[in-house]
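Chemist: Data file entry38.cif (mmCIF, C-alpha atoms) is appended below.
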data_input
loop_
_atom_site.label_atom_id
_atom_site.label_comp_id
_atom_site.auth_asym_id
_atom_site.auth_seq_id
_atom_site.Cartn_x
_atom_site.Cartn_y
_atom_site.Cartn_z
CA MET A 127 118.90 40.59 65.66
CA THR A 128 119.47 40.36 61.89
CA THR A 129 118.13 43.88 61.32
CA GLN A 130 120.50 45.28 63.94
CA LEU A 131 123.40 43.41 62.37
CA VAL A 132 122.55 44.75 58.91
CA LEU A 133 122.50 48.31 60.25
CA VAL A 134 125.50 48.15 62.58
CA VAL A 135 128.10 46.29 60.46
CA PRO A 136 128.23 48.85 57.60
CA VAL A 137 128.59 51.68 60.10
CA LEU A 138 131.42 49.87 61.86
CA LEU A 139 133.15 49.19 58.54
CA LEU A 140 132.82 52.85 57.56
CA ILE A 141 134.35 53.94 60.86
CA ALA A 142 137.22 51.47 60.42
CA LEU A 143 137.90 52.74 56.89
CA LEU A 144 137.85 56.36 58.10
CA VAL A 145 140.43 55.48 60.74
CA VAL A 146 142.63 53.88 58.06
CA GLN A 147 142.17 56.93 55.80
CA PHE A 148 143.26 59.42 58.42
CA ALA A 149 146.17 57.18 59.43
CA LEU A 150 147.30 57.26 55.78
CA LEU A 151 146.93 61.04 55.76
CA TRP A 152 149.07 61.31 58.89
CA HIS A 153 151.66 58.94 57.41
CA GLY A 154 151.66 60.89 54.13
CA ARG A 155 152.40 64.12 55.97
CA HIS A 156 155.37 62.47 57.67
CA ILE A 157 156.63 61.21 54.30
CA ALA A 158 156.38 64.74 52.88
CA GLN A 159 158.25 66.10 55.91
CA TYR A 160 161.02 63.52 55.47
CA GLY A 161 161.39 64.35 51.77
CA ALA A 162 161.54 68.05 52.55
CA GLN A 163 164.18 67.57 55.26
CA ARG A 164 166.35 65.48 52.94
CA ALA A 165 165.99 68.03 50.11
CA LEU A 166 166.90 70.86 52.49
CA ALA A 167 170.01 69.05 53.71
CA ALA A 168 171.20 68.58 50.12
CA ALA A 169 170.31 72.08 48.89
CA ARG A 170 171.59 74.18 51.79
CA ALA A 171 175.07 72.62 51.86
CA GLU A 172 177.91 74.90 50.82
CA ASP A 173 178.36 73.13 47.48
CA GLY A 174 174.65 72.26 47.12
CA THR A 175 172.23 73.49 44.49
CA ALA A 176 168.48 73.86 44.21
CA ALA A 177 168.42 71.19 41.49
CA GLY A 178 170.39 68.80 43.69
CA GLY A 179 167.96 69.39 46.55
CA GLU A 180 164.96 68.73 44.32
CA ALA A 181 166.53 65.52 43.04
CA GLN A 182 167.29 64.35 46.59
CA GLY A 183 163.73 65.17 47.69
CA ARG A 184 162.16 63.26 44.78
CA GLN A 185 164.47 60.30 45.40
CA SER A 186 163.56 60.20 49.10
CA LEU A 187 159.83 60.40 48.34
CA ALA A 188 160.09 57.62 45.76
CA ALA A 189 162.01 55.38 48.13
CA LEU A 190 159.65 55.88 51.05
CA GLY A 191 156.15 56.55 49.89
CA SER A 192 155.52 56.44 46.16
CA ARG A 193 152.22 54.61 46.73
CA VAL A 194 151.06 56.63 49.74
CA VAL A 195 151.94 60.09 48.42
CA THR A 196 151.30 60.44 44.69
CA ASP A 197 151.75 63.40 42.33
CA ALA A 198 154.48 64.71 44.61
CA SER A 199 156.27 67.92 43.74
CA VAL A 200 159.42 69.30 45.32
CA SER A 201 160.39 72.95 44.97
CA VAL A 202 163.59 74.45 46.37
CA GLN A 203 164.47 78.12 46.71
CA ARG A 204 168.13 78.59 47.57
CA GLY A 205 169.11 82.12 48.48
CA GLN A 206 172.24 83.73 49.92
CA GLU A 207 170.91 83.54 53.48
CA VAL A 208 168.04 81.02 53.57
CA THR A 209 167.09 77.86 51.70
CA THR A 210 163.41 76.86 51.65
CA VAL A 211 161.89 73.57 50.47
CA ARG A 212 158.21 72.86 49.81
CA VAL A 213 156.92 69.34 49.19
CA GLN A 214 153.32 68.73 48.11
CA GLY A 215 151.49 65.57 47.17
CA THR A 216 148.17 63.78 47.16
CA VAL A 217 147.54 61.03 49.71
CA MET A 218 146.08 57.73 48.52
CA ALA A 219 142.31 57.60 49.07
CA VAL A 220 140.76 54.56 50.74
CA LEU A 221 137.25 55.98 50.62
CA PRO A 222 136.08 57.86 47.53
CA ILE A 223 134.60 60.84 49.38
CA PRO A 224 134.07 63.70 46.93
CA GLY A 225 135.34 67.06 48.09
CA LEU A 226 137.58 65.64 50.82
CA PRO A 227 141.07 67.03 50.13
CA LEU A 228 143.78 64.57 51.01
CA HIS A 229 146.96 66.53 50.50
CA ALA A 230 150.27 66.24 52.30
CA THR A 231 152.38 69.38 52.43
CA ALA A 232 155.66 70.14 54.18
CA VAL A 233 157.63 73.38 54.21
CA VAL A 234 161.07 73.57 55.81
CA SER A 235 163.78 76.18 55.71
CA GLY A 236 167.23 76.68 57.10
CA PRO A 237 170.28 78.88 56.71
CA THR A 238 172.33 78.40 53.57
CA GLU A 239 175.83 77.23 54.43
CA ARG A 240 178.64 79.53 53.33
CA LEU A 241 182.17 80.35 54.35
CA THR A 242 182.64 83.51 56.38
CA ASP A 243 185.52 85.14 58.21
CA PRO A 244 185.36 85.53 62.01
CA ALA A 245 183.85 89.02 61.62
CA GLY A 246 180.91 87.55 59.66
CA GLY A 247 181.85 88.78 56.20
CA ALA A 248 182.79 86.85 53.08
CA PRO A 249 186.39 85.58 53.04
#
Output the file's structure as structure tokens, nothing else.
Modeler:
Amino acid sequence: MTTQLVLVVPVLLLIALLVVQFALLWHGRHIAQYGAQRALAAARAEDGTAAGGEAQGRQSLAALGSRVVTDASVSVQRGQEVTTVRVQGTVMAVLPIPGLPLHATAVVSGPTERLTDPAGGAP
């Protein structure tokens, strides 16, 4: 009985830690998605800027998941037609497994808001 216990308990603990690790990875991806959505909303507004979007994205990431998603970067490309935001970060590791990439990435885009006349041209 003792031999079975010595063999089974570490395996069960490893499985439990793997479940926690992948739950953190899933949560980290949702945090990155939230930060990207907030950055997009700020950057694509008519009076918005790429720098304002990046600041809003960083602020949202810091408020929500600064311990879960570390080394986060927010990049915003605001064009005449489309604004695109990319958020990348590293998810906290519970198990030190070498070679296991734990990255959270989110890419969102949407039309850049601008005033137009009813015919679709610039006013």
Chemist: Nearest to Val146 (chain A) among A:Gly174, A:Ala162, A:Val220, A:Val213, with distances taken over all atoms listed in the file: which residue is it?
Modeler: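 Smallest distance to Val146 (chain A) is found for A:Val220.
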Chemist: Can you pull out every residue within 12 Å of region 166-173 of chain A, counting only C-alpha atoms, but drop anything in the same chain fewer than 5 positions away, and send it as a PyMOL selection string?
Modeler: chain A and resi 159-161+178-186+200-213+232-242
Chemist: Grab the CA of Val217 (chain A) to CA of Ala230 (chain A) distance for me, in Å with one decimal place.
Modeler: 6.4 Å
Chemist: Report, in Å to a single decimal, how far apart CA of Leu139 (chain A) and CA of Asp197 (chain A) are.
Modeler: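 About the pair CA of Asp197 (chain A) and CA of Leu139 (chain A): they are 28.5 Å apart.
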Chemist: Quick one: of A:Leu144, A:Val137, A:Ala176, A:Ile157, who's nearest to Ala198 (chain A), counting all atoms listed in the file?
Modeler: A:Ile157
Chemist: I'd like the interatomic distance between CA of Trp152 (chain A) and CA of Ala177 (chain A), to a tenth of an Å.
Modeler: 27.8 Å
Chemist: Contacts of His153 (chain A) at 12 Å or less, counting all atoms listed in the file, minus same-chain residues fewer than 2 places along, as a PyMOL selection string?
Modeler: chain A and resi 146-151+155-160+190-191+193-195+216-218+228-231
Chemist: Using C-alpha atoms, can you write the selected residues to a file as a PDB file, keeping the file's coordinate frame?
Modeler:
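So again.pdb came out as:
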ATOM      1  CA  VAL A 146     142.630  53.880  58.060  1.00  0.00           C
ATOM      2  CA  GLN A 147     142.170  56.930  55.800  1.00  0.00           C
ATOM      3  CA  PHE A 148     143.260  59.420  58.420  1.00  0.00           C
ATOM      4  CA  ALA A 149     146.170  57.180  59.430  1.00  0.00           C
ATOM      5  CA  LEU A 150     147.300  57.260  55.780  1.00  0.00           C
ATOM      6  CA  LEU A 151     146.930  61.040  55.760  1.00  0.00           C
ATOM      7  CA  ARG A 155     152.400  64.120  55.970  1.00  0.00           C
ATOM      8  CA  HIS A 156     155.370  62.470  57.670  1.00  0.00           C
ATOM      9  CA  ILE A 157     156.630  61.210  54.300  1.00  0.00           C
ATOM     10  CA  ALA A 158     156.380  64.740  52.880  1.00  0.00           C
ATOM     11  CA  GLN A 159     158.250  66.100  55.910  1.00  0.00           C
ATOM     12  CA  TYR A 160     161.020  63.520  55.470  1.00  0.00           C
ATOM     13  CA  LEU A 190     159.650  55.880  51.050  1.00  0.00           C
ATOM     14  CA  GLY A 191     156.150  56.550  49.890  1.00  0.00           C
ATOM     15  CA  ARG A 193     152.220  54.610  46.730  1.00  0.00           C
ATOM     16  CA  VAL A 194     151.060  56.630  49.740  1.00  0.00           C
ATOM     17  CA  VAL A 195     151.940  60.090  48.420  1.00  0.00           C
ATOM     18  CA  THR A 216     148.170  63.780  47.160  1.00  0.00           C
ATOM     19  CA  VAL A 217     147.540  61.030  49.710  1.00  0.00           C
ATOM     20  CA  MET A 218     146.080  57.730  48.520  1.00  0.00           C
ATOM     21  CA  LEU A 228     143.780  64.570  51.010  1.00  0.00           C
ATOM     22  CA  HIS A 229     146.960  66.530  50.500  1.00  0.00           C
ATOM     23  CA  ALA A 230     150.270  66.240  52.300  1.00  0.00           C
ATOM     24  CA  THR A 231     152.380  69.380  52.430  1.00  0.00           C
TER      25      THR A 231
END
Chemist: Identify which of the residues A:Thr196, A:Pro227, A:Ile141, A:Thr129 lies closest to Gly215 (chain A), counting all atoms listed in the file when measuring atom-to-atom distances.
Modeler: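 Closest candidate: A:Thr196.
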Chemist: Grab all the atoms of region 173-186 of chain A that the file lists, wrap them in a box along x, y and z, add 5 Å per side, and give me centre plus edge lengths in Å (one decimal) as JSON.
Modeler:
{"center_x": 170.3, "center_y": 67.0, "center_z": 45.3, "size_x": 26.2, "size_y": 23.7, "size_z": 17.6}
